[in-house]
>>> print(open('entry_38.cif').read())   # mmCIF, N, CA, C and O atoms
data_structure
#
loop_
_atom_site.label_atom_id
_atom_site.label_comp_id
_atom_site.auth_asym_id
_atom_site.auth_seq_id
_atom_site.Cartn_x
_atom_site.Cartn_y
_atom_site.Cartn_z
N MET P 1 0.80 -1.19 0.00
CA MET P 1 0.00 0.00 0.00
C MET P 1 0.85 1.26 0.00
O MET P 1 0.45 2.23 -0.59
N ILE P 2 1.95 1.21 0.65
CA ILE P 2 2.80 2.39 0.69
C ILE P 2 3.36 2.68 -0.70
O ILE P 2 3.40 3.82 -1.12
N SER P 3 3.73 1.66 -1.40
CA SER P 3 4.28 1.88 -2.73
C SER P 3 3.21 2.44 -3.68
O SER P 3 3.51 3.23 -4.56
N LEU P 4 1.94 2.06 -3.53
CA LEU P 4 0.86 2.60 -4.34
C LEU P 4 0.63 4.08 -4.05
O LEU P 4 0.45 4.88 -4.96
N ALA P 5 0.68 4.47 -2.78
CA ALA P 5 0.53 5.87 -2.40
C ALA P 5 1.69 6.70 -2.92
O ALA P 5 1.52 7.82 -3.40
N HIS P 6 2.86 6.12 -2.86
CA HIS P 6 4.04 6.82 -3.38
C HIS P 6 3.95 7.00 -4.90
O HIS P 6 4.30 8.06 -5.43
N ALA P 7 3.45 6.02 -5.60
CA ALA P 7 3.30 6.10 -7.05
C ALA P 7 2.25 7.14 -7.43
O ALA P 7 2.42 7.87 -8.41
N GLN P 8 1.19 7.26 -6.66
CA GLN P 8 0.15 8.25 -6.96
C GLN P 8 0.65 9.66 -6.69
O GLN P 8 0.30 10.59 -7.40
N SER P 9 1.47 9.86 -5.68
CA SER P 9 1.98 11.20 -5.39
C SER P 9 3.05 11.62 -6.39
O SER P 9 3.27 12.80 -6.63
N ALA P 10 3.74 10.69 -6.99
CA ALA P 10 4.77 11.00 -7.97
C ALA P 10 4.18 11.27 -9.35
O ALA P 10 4.82 11.90 -10.20
N ALA P 11 2.97 10.84 -9.61
CA ALA P 11 2.35 11.01 -10.92
C ALA P 11 2.15 12.48 -11.31
O ALA P 11 2.44 12.86 -12.43
N PRO P 12 1.66 13.37 -10.42
CA PRO P 12 1.51 14.77 -10.83
C PRO P 12 2.83 15.44 -11.19
O PRO P 12 2.90 16.26 -12.08
N ALA P 13 3.89 15.07 -10.51
CA ALA P 13 5.18 15.66 -10.83
C ALA P 13 5.63 15.23 -12.23
O ALA P 13 6.20 16.02 -12.98
N ALA P 14 5.37 14.02 -12.58
CA ALA P 14 5.75 13.54 -13.91
C ALA P 14 4.91 14.22 -14.99
O ALA P 14 5.41 14.54 -16.06
N SER P 15 3.66 14.45 -14.73
CA SER P 15 2.82 15.10 -15.74
C SER P 15 3.23 16.56 -15.94
O SER P 15 3.12 17.08 -17.03
N GLY P 16 3.68 17.21 -14.88
CA GLY P 16 4.18 18.58 -15.01
C GLY P 16 5.43 18.62 -15.87
O GLY P 16 5.62 19.52 -16.69
N MET P 17 6.28 17.64 -15.69
CA MET P 17 7.49 17.55 -16.49
C MET P 17 7.15 17.25 -17.95
O MET P 17 7.79 17.78 -18.86
N GLU P 18 6.15 16.42 -18.15
CA GLU P 18 5.72 16.10 -19.52
C GLU P 18 5.17 17.34 -20.21
O GLU P 18 5.39 17.53 -21.42
N MET P 19 4.46 18.20 -19.48
CA MET P 19 3.92 19.43 -20.08
C MET P 19 5.06 20.35 -20.53
O MET P 19 5.00 20.94 -21.60
N ILE P 20 6.09 20.44 -19.70
CA ILE P 20 7.23 21.27 -20.07
C ILE P 20 7.90 20.72 -21.33
O ILE P 20 8.27 21.46 -22.24
N GLN P 21 8.03 19.40 -21.38
CA GLN P 21 8.64 18.77 -22.55
C GLN P 21 7.80 18.97 -23.80
O GLN P 21 8.32 19.07 -24.90
N GLN P 22 6.47 19.03 -23.64
CA GLN P 22 5.60 19.25 -24.79
C GLN P 22 5.71 20.68 -25.31
O GLN P 22 5.66 20.92 -26.51
N PHE P 23 5.85 21.65 -24.41
CA PHE P 23 5.90 23.04 -24.82
C PHE P 23 7.31 23.52 -25.14
O PHE P 23 7.49 24.59 -25.72
N LEU P 24 8.31 22.78 -24.79
CA LEU P 24 9.69 23.17 -25.04
C LEU P 24 9.99 23.43 -26.52
O LEU P 24 10.60 24.46 -26.85
N PRO P 25 9.56 22.58 -27.46
CA PRO P 25 9.81 22.89 -28.87
C PRO P 25 9.14 24.19 -29.32
O PRO P 25 9.73 24.96 -30.09
N LEU P 26 7.95 24.48 -28.83
CA LEU P 26 7.27 25.73 -29.19
C LEU P 26 8.02 26.94 -28.65
O LEU P 26 8.15 27.96 -29.32
N ILE P 27 8.53 26.80 -27.44
CA ILE P 27 9.28 27.90 -26.84
C ILE P 27 10.58 28.14 -27.62
O ILE P 27 10.94 29.28 -27.91
N ILE P 28 11.25 27.07 -27.99
CA ILE P 28 12.49 27.20 -28.76
C ILE P 28 12.22 27.82 -30.13
O ILE P 28 12.97 28.69 -30.59
N ILE P 29 11.14 27.42 -30.78
CA ILE P 29 10.78 27.99 -32.09
C ILE P 29 10.49 29.48 -31.95
O ILE P 29 10.92 30.28 -32.78
N PHE P 30 9.78 29.87 -30.90
CA PHE P 30 9.48 31.30 -30.70
C PHE P 30 10.77 32.09 -30.48
O PHE P 30 10.93 33.18 -31.03
N ILE P 31 11.69 31.54 -29.68
CA ILE P 31 12.95 32.25 -29.42
C ILE P 31 13.75 32.41 -30.73
O ILE P 31 14.27 33.49 -31.01
N LEU P 32 13.83 31.35 -31.52
CA LEU P 32 14.53 31.45 -32.81
C LEU P 32 13.84 32.44 -33.74
O LEU P 32 14.49 33.24 -34.43
N PHE P 33 12.51 32.42 -33.77
CA PHE P 33 11.74 33.35 -34.59
C PHE P 33 12.04 34.78 -34.18
O PHE P 33 12.21 35.67 -35.01
N TRP P 34 12.13 35.03 -32.87
CA TRP P 34 12.41 36.37 -32.35
C TRP P 34 13.78 36.86 -32.81
O TRP P 34 13.91 37.96 -33.32
N PHE P 35 14.81 36.03 -32.63
CA PHE P 35 16.17 36.48 -32.94
C PHE P 35 16.47 36.50 -34.43
O PHE P 35 17.33 37.25 -34.88
N MET P 36 15.77 35.71 -35.23
CA MET P 36 16.08 35.66 -36.66
C MET P 36 15.19 36.57 -37.50
O MET P 36 15.61 36.98 -38.59
N LEU P 37 13.99 36.89 -37.04
CA LEU P 37 13.07 37.69 -37.86
C LEU P 37 12.64 38.99 -37.20
O LEU P 37 12.80 40.06 -37.78
N ILE P 38 12.07 38.92 -36.04
CA ILE P 38 11.47 40.10 -35.41
C ILE P 38 12.52 41.11 -34.99
O ILE P 38 12.42 42.29 -35.31
N ARG P 39 13.55 40.68 -34.29
CA ARG P 39 14.57 41.61 -33.79
C ARG P 39 15.31 42.34 -34.91
O ARG P 39 15.45 43.57 -34.85
N PRO P 40 15.78 41.65 -35.97
CA PRO P 40 16.44 42.39 -37.06
C PRO P 40 15.51 43.38 -37.77
O PRO P 40 15.93 44.46 -38.17
N GLN P 41 14.23 43.02 -37.90
CA GLN P 41 13.29 43.92 -38.55
C GLN P 41 13.07 45.17 -37.69
O GLN P 41 12.99 46.28 -38.22
N MET P 42 12.99 45.01 -36.39
CA MET P 42 12.84 46.16 -35.51
C MET P 42 14.08 47.05 -35.58
O MET P 42 13.96 48.29 -35.57
N LYS P 43 15.25 46.45 -35.69
CA LYS P 43 16.50 47.22 -35.78
C LYS P 43 16.54 48.03 -37.08
O LYS P 43 16.91 49.20 -37.08
N ARG P 44 16.14 47.40 -38.21
CA ARG P 44 16.11 48.12 -39.48
C ARG P 44 15.11 49.26 -39.45
O ARG P 44 15.38 50.35 -39.99
N ALA P 45 13.95 49.05 -38.85
CA ALA P 45 12.94 50.11 -38.76
C ALA P 45 13.46 51.28 -37.93
O ALA P 45 13.22 52.45 -38.27
N LYS P 46 14.18 50.99 -36.86
CA LYS P 46 14.75 52.04 -36.02
C LYS P 46 15.80 52.84 -36.79
O LYS P 46 15.83 54.07 -36.73
N GLU P 47 16.66 52.15 -37.56
CA GLU P 47 17.67 52.83 -38.36
C GLU P 47 17.03 53.68 -39.46
O GLU P 47 17.50 54.79 -39.73
N GLN P 48 15.97 53.18 -40.09
CA GLN P 48 15.26 53.92 -41.14
C GLN P 48 14.65 55.20 -40.56
O GLN P 48 14.73 56.27 -41.16
N LYS P 49 14.03 55.09 -39.41
CA LYS P 49 13.42 56.25 -38.77
C LYS P 49 14.47 57.30 -38.41
O LYS P 49 14.26 58.50 -38.62
N LYS P 50 15.62 56.84 -37.92
CA LYS P 50 16.71 57.77 -37.58
C LYS P 50 17.23 58.46 -38.84
O LYS P 50 17.47 59.66 -38.84
N MET P 51 17.40 57.69 -39.93
CA MET P 51 17.89 58.26 -41.19
C MET P 51 16.92 59.31 -41.72
O MET P 51 17.33 60.38 -42.15
N LEU P 52 15.62 59.04 -41.65
CA LEU P 52 14.62 60.00 -42.15
C LEU P 52 14.62 61.28 -41.32
O LEU P 52 14.40 62.37 -41.84
N SER P 53 14.86 61.16 -40.02
CA SER P 53 14.86 62.36 -39.17
C SER P 53 16.11 63.21 -39.39
O SER P 53 16.11 64.40 -39.09
N GLU P 54 17.19 62.62 -39.93
CA GLU P 54 18.45 63.35 -40.13
C GLU P 54 18.62 63.89 -41.55
O GLU P 54 19.64 64.50 -41.83
N ILE P 55 17.66 63.67 -42.44
CA ILE P 55 17.78 64.16 -43.82
C ILE P 55 17.77 65.69 -43.82
O ILE P 55 16.97 66.31 -43.15
N GLN P 56 18.69 66.26 -44.61
CA GLN P 56 18.81 67.71 -44.71
C GLN P 56 18.76 68.13 -46.18
O GLN P 56 18.95 67.30 -47.07
N LYS P 57 18.55 69.41 -46.38
CA LYS P 57 18.56 69.96 -47.73
C LYS P 57 19.96 69.75 -48.33
O LYS P 57 20.97 69.97 -47.68
N GLY P 58 20.00 69.27 -49.57
CA GLY P 58 21.27 69.02 -50.26
C GLY P 58 21.72 67.57 -50.20
O GLY P 58 22.65 67.19 -50.92
N ASP P 59 21.08 66.75 -49.37
CA ASP P 59 21.44 65.33 -49.32
C ASP P 59 20.99 64.62 -50.59
O ASP P 59 19.97 64.96 -51.18
N GLU P 60 21.74 63.63 -50.98
CA GLU P 60 21.39 62.82 -52.16
C GLU P 60 20.78 61.51 -51.67
O GLU P 60 21.33 60.85 -50.79
N VAL P 61 19.62 61.17 -52.26
CA VAL P 61 18.86 60.02 -51.76
C VAL P 61 18.34 59.16 -52.91
O VAL P 61 18.31 59.60 -54.06
N ILE P 62 17.93 57.95 -52.56
CA ILE P 62 17.22 57.06 -53.48
C ILE P 62 15.88 56.75 -52.84
O ILE P 62 15.81 56.41 -51.66
N THR P 63 14.81 56.85 -53.64
CA THR P 63 13.48 56.51 -53.14
C THR P 63 13.23 55.02 -53.31
O THR P 63 13.99 54.32 -53.97
N ALA P 64 12.13 54.55 -52.75
CA ALA P 64 11.76 53.14 -52.85
C ALA P 64 11.49 52.74 -54.30
O ALA P 64 11.67 51.58 -54.67
N SER P 65 11.09 53.68 -55.14
CA SER P 65 10.82 53.38 -56.54
C SER P 65 12.09 53.43 -57.40
O SER P 65 12.04 53.16 -58.59
N GLY P 66 13.22 53.80 -56.79
CA GLY P 66 14.48 53.83 -57.52
C GLY P 66 14.86 55.19 -58.06
O GLY P 66 15.86 55.33 -58.77
N GLN P 67 14.10 56.20 -57.75
CA GLN P 67 14.39 57.56 -58.22
C GLN P 67 15.54 58.14 -57.41
O GLN P 67 15.53 58.11 -56.19
N VAL P 68 16.54 58.69 -58.10
CA VAL P 68 17.71 59.29 -57.45
C VAL P 68 17.59 60.80 -57.56
O VAL P 68 17.27 61.31 -58.63
N GLY P 69 17.82 61.50 -56.47
CA GLY P 69 17.73 62.95 -56.51
C GLY P 69 18.37 63.61 -55.32
O GLY P 69 18.79 62.96 -54.36
N LYS P 70 18.43 64.94 -55.40
CA LYS P 70 18.99 65.75 -54.34
C LYS P 70 17.82 66.44 -53.62
O LYS P 70 16.91 66.96 -54.26
N VAL P 71 17.85 66.44 -52.31
CA VAL P 71 16.77 67.04 -51.52
C VAL P 71 16.80 68.55 -51.69
O VAL P 71 17.81 69.20 -51.41
N ALA P 72 15.69 69.10 -52.19
CA ALA P 72 15.59 70.54 -52.40
C ALA P 72 14.81 71.22 -51.27
O ALA P 72 15.10 72.37 -50.91
N LYS P 73 13.82 70.51 -50.73
CA LYS P 73 12.98 71.09 -49.68
C LYS P 73 12.41 69.95 -48.85
O LYS P 73 12.09 68.87 -49.37
N ILE P 74 12.30 70.18 -47.54
CA ILE P 74 11.78 69.15 -46.64
C ILE P 74 10.61 69.74 -45.85
O ILE P 74 10.70 70.84 -45.31
N SER P 75 9.52 68.98 -45.81
CA SER P 75 8.42 69.32 -44.91
C SER P 75 8.21 68.12 -44.00
O SER P 75 8.95 67.14 -44.06
N GLU P 76 7.20 68.18 -43.17
CA GLU P 76 6.99 67.09 -42.22
C GLU P 76 6.63 65.77 -42.90
O GLU P 76 7.07 64.72 -42.50
N GLN P 77 5.81 65.83 -43.95
CA GLN P 77 5.34 64.62 -44.63
C GLN P 77 6.01 64.38 -45.98
O GLN P 77 6.11 63.23 -46.41
N TYR P 78 6.44 65.46 -46.65
CA TYR P 78 6.92 65.34 -48.03
C TYR P 78 8.32 65.91 -48.18
O TYR P 78 8.76 66.75 -47.41
N VAL P 79 9.00 65.43 -49.23
CA VAL P 79 10.33 65.91 -49.58
C VAL P 79 10.30 66.27 -51.06
O VAL P 79 9.75 65.52 -51.87
N SER P 80 10.87 67.42 -51.42
CA SER P 80 11.01 67.80 -52.82
C SER P 80 12.39 67.38 -53.29
O SER P 80 13.40 67.76 -52.70
N LEU P 81 12.41 66.56 -54.34
CA LEU P 81 13.67 66.06 -54.89
C LEU P 81 13.95 66.71 -56.23
O LEU P 81 13.09 66.77 -57.09
N GLU P 82 15.18 67.17 -56.40
CA GLU P 82 15.62 67.69 -57.69
C GLU P 82 16.28 66.52 -58.41
O GLU P 82 17.37 66.09 -58.05
N ILE P 83 15.58 65.99 -59.44
CA ILE P 83 16.09 64.81 -60.14
C ILE P 83 16.90 65.19 -61.37
O ILE P 83 17.62 64.36 -61.91
N ALA P 84 16.79 66.44 -61.82
CA ALA P 84 17.60 66.99 -62.91
C ALA P 84 17.61 68.50 -62.71
O ALA P 84 16.91 69.03 -61.85
N ASP P 85 18.41 69.22 -63.49
CA ASP P 85 18.45 70.67 -63.34
C ASP P 85 17.07 71.26 -63.60
O ASP P 85 16.53 71.15 -64.70
N GLY P 86 16.48 71.86 -62.57
CA GLY P 86 15.18 72.50 -62.70
C GLY P 86 13.99 71.56 -62.65
O GLY P 86 12.86 72.01 -62.75
N VAL P 87 14.19 70.26 -62.52
CA VAL P 87 13.09 69.29 -62.45
C VAL P 87 12.96 68.83 -61.00
O VAL P 87 13.84 68.17 -60.45
N ILE P 88 11.83 69.20 -60.38
CA ILE P 88 11.61 68.87 -58.98
C ILE P 88 10.35 68.00 -58.85
O ILE P 88 9.32 68.32 -59.43
N THR P 89 10.49 66.91 -58.13
CA THR P 89 9.34 66.04 -57.84
C THR P 89 9.11 66.03 -56.33
O THR P 89 10.02 66.30 -55.55
N HIS P 90 7.89 65.71 -55.96
CA HIS P 90 7.52 65.65 -54.55
C HIS P 90 7.22 64.20 -54.21
O HIS P 90 6.43 63.54 -54.89
N VAL P 91 7.86 63.69 -53.15
CA VAL P 91 7.64 62.31 -52.71
C VAL P 91 7.37 62.32 -51.21
O VAL P 91 7.74 63.26 -50.50
N GLN P 92 6.73 61.26 -50.75
CA GLN P 92 6.53 61.13 -49.31
C GLN P 92 7.87 60.84 -48.65
O GLN P 92 8.70 60.13 -49.19
N LYS P 93 8.03 61.38 -47.46
CA LYS P 93 9.28 61.22 -46.74
C LYS P 93 9.58 59.74 -46.47
O LYS P 93 10.72 59.30 -46.54
N GLN P 94 8.55 58.95 -46.19
CA GLN P 94 8.74 57.54 -45.88
C GLN P 94 9.22 56.72 -47.09
O GLN P 94 9.70 55.61 -46.92
N SER P 95 9.07 57.27 -48.29
CA SER P 95 9.50 56.52 -49.48
C SER P 95 11.00 56.64 -49.71
O SER P 95 11.54 55.93 -50.57
N ILE P 96 11.69 57.47 -48.96
CA ILE P 96 13.15 57.57 -49.09
C ILE P 96 13.77 56.34 -48.45
O ILE P 96 13.53 56.05 -47.28
N GLN P 97 14.56 55.63 -49.25
CA GLN P 97 15.09 54.35 -48.80
C GLN P 97 16.55 54.42 -48.40
O GLN P 97 16.95 53.82 -47.43
N THR P 98 17.35 55.18 -49.15
CA THR P 98 18.79 55.19 -48.91
C THR P 98 19.33 56.61 -48.99
O THR P 98 18.96 57.37 -49.87
N LEU P 99 20.22 56.93 -48.08
CA LEU P 99 20.95 58.19 -48.10
C LEU P 99 22.29 57.92 -48.75
O LEU P 99 23.05 57.06 -48.31
N LEU P 100 22.57 58.63 -49.86
CA LEU P 100 23.80 58.40 -50.62
C LEU P 100 24.92 59.34 -50.15
O LEU P 100 24.65 60.44 -49.67
N PRO P 101 26.17 58.95 -50.37
CA PRO P 101 27.29 59.85 -50.07
C PRO P 101 27.27 61.04 -51.04
O PRO P 101 26.80 60.92 -52.18
N LYS P 102 27.77 62.15 -50.61
CA LYS P 102 27.82 63.37 -51.43
C LYS P 102 28.60 63.09 -52.72
O LYS P 102 29.62 62.42 -52.72
N GLY P 103 28.08 63.61 -53.86
CA GLY P 103 28.75 63.48 -55.13
C GLY P 103 28.39 62.20 -55.90
O GLY P 103 28.92 61.96 -56.98
N THR P 104 27.51 61.40 -55.37
CA THR P 104 27.14 60.16 -56.03
C THR P 104 26.38 60.41 -57.32
O THR P 104 26.59 59.73 -58.33
N ILE P 105 25.51 61.41 -57.33
CA ILE P 105 24.69 61.69 -58.52
C ILE P 105 25.59 62.10 -59.69
O ILE P 105 25.34 61.72 -60.82
N LYS P 106 26.63 62.88 -59.44
CA LYS P 106 27.52 63.30 -60.51
C LYS P 106 28.25 62.13 -61.13
O LYS P 106 28.57 62.14 -62.32
N SER P 107 28.52 61.09 -60.35
CA SER P 107 29.25 59.94 -60.87
C SER P 107 28.35 58.99 -61.68
O SER P 107 28.85 58.09 -62.32
N LEU P 108 27.04 59.19 -61.61
CA LEU P 108 26.13 58.32 -62.38
C LEU P 108 26.17 58.74 -63.79
O LEU P 108 25.93 58.94 -64.69
#
>>> encode(input="entry_38.cif", output="structure tokens")
Amino acid sequence: MISLAHAQSAAPAASGMEMIQQFLPLIIIFILFWFMLIRPQMKRAKEQKKMLSEIQKGDEVITASGQVGKVAKISEQYVSLEIADGVITHVQKQSIQTLLPKGTIKSL
């Protein structure tokens, strides 16, 4: 009888361990998902936001559509790009993808 009581008291502990073993693969997958996808995307978004806040008049940029130009005017939502002498287009600030080094447009 003592061995039966001991076996019954040990059963809940084993089932708790089994639950951890069942959820362990899900936890590991979530951790890998976090470090391989979510965290790098958050880092890129933070860098993009910082780059957009630091854009100044005269900077050379590339938009998401591939348009290359020099910043002529900046407002809160829009940027005026000079894509050729006297040709100015207006794009949304969020569409600016890359900040180019000075003099890049002349080398194209």
>>> select_by_dssp(input="entry_38.cif", residues="chain P", states="helix (DSSP H, G or I)", output="number ranges by chain")
P: 2-53, 93-95, 104-107
>>> closest_residue(input="entry_38.cif", among="P:Gln48, P:Gln92, P:Ser53, P:Ser65", to="P:Tyr78", atoms="all atoms listed in the file")
P:Gln92
>>> atom_distance(input="entry_38.cif", atom1="atom N of P:Ala72", atom2="atom N of P:Pro101")
14.7 Å
>>> residues_around(input="entry_38.cif", residues="P:Ile88", least_positions_apart="3", cutoff="12 Å", atoms="only C-alpha atoms", output="list in words")
Gln67, Val68, Gly69, Lys70, Val71, Ala72, Lys73, Val79, Ser80, Leu81, Glu82, Ile83, Ala84, Asp85 and Val91 of chain P
>>> atom_distance(input="entry_38.cif", atom1="atom CA of P:Thr89", atom2="atom CA of P:Leu52")
17.6 Å
>>> resolve_selection(input="entry_38.cif", expression="the PyMOL selection byres ((chain P and resi 57-60) around 5)", output="ChimeraX atom specification")
/P:55-56,61-62,69-71,98-100
>>> select_by_dssp(input="entry_38.cif", residues="chain P", states="strand (DSSP E or B)", output="PyMOL selection string")
chain P and resi 60-63+68-74+78-84+87-92+96-100
>>> write_last_selection(input="entry_38.cif", atoms="N, CA, C and O atoms", output="CSV table (one decimal), in the coordinates of the input")
chain,number,residue,atom,x,y,z
P,60,GLU,N,21.7,63.6,-51.0
P,60,GLU,CA,21.4,62.8,-52.2
P,60,GLU,C,20.8,61.5,-51.7
P,60,GLU,O,21.3,60.8,-50.8
P,61,VAL,N,19.6,61.2,-52.3
P,61,VAL,CA,18.9,60.0,-51.8
P,61,VAL,C,18.3,59.2,-52.9
P,61,VAL,O,18.3,59.6,-54.1
P,62,ILE,N,17.9,58.0,-52.6
P,62,ILE,CA,17.2,57.1,-53.5
P,62,ILE,C,15.9,56.8,-52.8
P,62,ILE,O,15.8,56.4,-51.7
P,63,THR,N,14.8,56.8,-53.6
P,63,THR,CA,13.5,56.5,-53.1
P,63,THR,C,13.2,55.0,-53.3
P,63,THR,O,14.0,54.3,-54.0
P,68,VAL,N,16.5,58.7,-58.1
P,68,VAL,CA,17.7,59.3,-57.4
P,68,VAL,C,17.6,60.8,-57.6
P,68,VAL,O,17.3,61.3,-58.6
P,69,GLY,N,17.8,61.5,-56.5
P,69,GLY,CA,17.7,63.0,-56.5
P,69,GLY,C,18.4,63.6,-55.3
P,69,GLY,O,18.8,63.0,-54.4
P,70,LYS,N,18.4,64.9,-55.4
P,70,LYS,CA,19.0,65.8,-54.3
P,70,LYS,C,17.8,66.4,-53.6
P,70,LYS,O,16.9,67.0,-54.3
P,71,VAL,N,17.8,66.4,-52.3
P,71,VAL,CA,16.8,67.0,-51.5
P,71,VAL,C,16.8,68.6,-51.7
P,71,VAL,O,17.8,69.2,-51.4
P,72,ALA,N,15.7,69.1,-52.2
P,72,ALA,CA,15.6,70.5,-52.4
P,72,ALA,C,14.8,71.2,-51.3
P,72,ALA,O,15.1,72.4,-50.9
P,73,LYS,N,13.8,70.5,-50.7
P,73,LYS,CA,13.0,71.1,-49.7
P,73,LYS,C,12.4,70.0,-48.8
P,73,LYS,O,12.1,68.9,-49.4
P,74,ILE,N,12.3,70.2,-47.5
P,74,ILE,CA,11.8,69.2,-46.6
P,74,ILE,C,10.6,69.7,-45.8
P,74,ILE,O,10.7,70.8,-45.3
P,78,TYR,N,6.4,65.5,-46.6
P,78,TYR,CA,6.9,65.3,-48.0
P,78,TYR,C,8.3,65.9,-48.2
P,78,TYR,O,8.8,66.8,-47.4
P,79,VAL,N,9.0,65.4,-49.2
P,79,VAL,CA,10.3,65.9,-49.6
P,79,VAL,C,10.3,66.3,-51.1
P,79,VAL,O,9.8,65.5,-51.9
P,80,SER,N,10.9,67.4,-51.4
P,80,SER,CA,11.0,67.8,-52.8
P,80,SER,C,12.4,67.4,-53.3
P,80,SER,O,13.4,67.8,-52.7
P,81,LEU,N,12.4,66.6,-54.3
P,81,LEU,CA,13.7,66.1,-54.9
P,81,LEU,C,14.0,66.7,-56.2
P,81,LEU,O,13.1,66.8,-57.1
P,82,GLU,N,15.2,67.2,-56.4
P,82,GLU,CA,15.6,67.7,-57.7
P,82,GLU,C,16.3,66.5,-58.4
P,82,GLU,O,17.4,66.1,-58.0
P,83,ILE,N,15.6,66.0,-59.4
P,83,ILE,CA,16.1,64.8,-60.1
P,83,ILE,C,16.9,65.2,-61.4
P,83,ILE,O,17.6,64.4,-61.9
P,84,ALA,N,16.8,66.4,-61.8
P,84,ALA,CA,17.6,67.0,-62.9
P,84,ALA,C,17.6,68.5,-62.7
P,84,ALA,O,16.9,69.0,-61.8
P,87,VAL,N,14.2,70.3,-62.5
P,87,VAL,CA,13.1,69.3,-62.4
P,87,VAL,C,13.0,68.8,-61.0
P,87,VAL,O,13.8,68.2,-60.4
P,88,ILE,N,11.8,69.2,-60.4
P,88,ILE,CA,11.6,68.9,-59.0
P,88,ILE,C,10.4,68.0,-58.8
P,88,ILE,O,9.3,68.3,-59.4
P,89,THR,N,10.5,66.9,-58.1
P,89,THR,CA,9.3,66.0,-57.8
P,89,THR,C,9.1,66.0,-56.3
P,89,THR,O,10.0,66.3,-55.6
P,90,HIS,N,7.9,65.7,-56.0
P,90,HIS,CA,7.5,65.6,-54.6
P,90,HIS,C,7.2,64.2,-54.2
P,90,HIS,O,6.4,63.5,-54.9
P,91,VAL,N,7.9,63.7,-53.2
P,91,VAL,CA,7.6,62.3,-52.7
P,91,VAL,C,7.4,62.3,-51.2
P,91,VAL,O,7.7,63.3,-50.5
P,92,GLN,N,6.7,61.3,-50.8
P,92,GLN,CA,6.5,61.1,-49.3
P,92,GLN,C,7.9,60.8,-48.6
P,92,GLN,O,8.7,60.1,-49.2
P,96,ILE,N,11.7,57.5,-49.0
P,96,ILE,CA,13.2,57.6,-49.1
P,96,ILE,C,13.8,56.3,-48.4
P,96,ILE,O,13.5,56.0,-47.3
P,97,GLN,N,14.6,55.6,-49.2
P,97,GLN,CA,15.1,54.4,-48.8
P,97,GLN,C,16.6,54.4,-48.4
P,97,GLN,O,17.0,53.8,-47.4
P,98,THR,N,17.4,55.2,-49.2
P,98,THR,CA,18.8,55.2,-48.9
P,98,THR,C,19.3,56.6,-49.0
P,98,THR,O,19.0,57.4,-49.9
P,99,LEU,N,20.2,56.9,-48.1
P,99,LEU,CA,21.0,58.2,-48.1
P,99,LEU,C,22.3,57.9,-48.8
P,99,LEU,O,23.0,57.1,-48.3
P,100,LEU,N,22.6,58.6,-49.9
P,100,LEU,CA,23.8,58.4,-50.6
P,100,LEU,C,24.9,59.3,-50.2
P,100,LEU,O,24.6,60.4,-49.7
>>> atom_distance(input="entry_38.cif", atom1="atom O of P:Gln77", atom2="atom O of P:Lys93")
6.1 Å
>>> closest_residue(input="entry_38.cif", among="P:Gln21, P:Lys49, P:Leu108, P:Gly66", to="P:Gln94", atoms="only C-alpha atoms")
P:Lys49
>>> residues_around(input="entry_38.cif", residues="P:Thr63", least_positions_apart="5", cutoff="5 Å", atoms="all atoms listed in the file", output="PDB file with N, CA, C and O atoms, keeping the file's coordinate frame")
ATOM      1  N   SER P  95       9.070  57.270 -48.290  1.00  0.00           N
ATOM      2  CA  SER P  95       9.500  56.520 -49.480  1.00  0.00           C
ATOM      3  C   SER P  95      11.000  56.640 -49.710  1.00  0.00           C
ATOM      4  O   SER P  95      11.540  55.930 -50.570  1.00  0.00           O
ATOM      5  N   ILE P  96      11.690  57.470 -48.960  1.00  0.00           N
ATOM      6  CA  ILE P  96      13.150  57.570 -49.090  1.00  0.00           C
ATOM      7  C   ILE P  96      13.770  56.340 -48.450  1.00  0.00           C
ATOM      8  O   ILE P  96      13.530  56.050 -47.280  1.00  0.00           O
ATOM      9  N   GLN P  97      14.560  55.630 -49.250  1.00  0.00           N
ATOM     10  CA  GLN P  97      15.090  54.350 -48.800  1.00  0.00           C
ATOM     11  C   GLN P  97      16.550  54.420 -48.400  1.00  0.00           C
ATOM     12  O   GLN P  97      16.950  53.820 -47.430  1.00  0.00           O
TER      13      GLN P  97
END
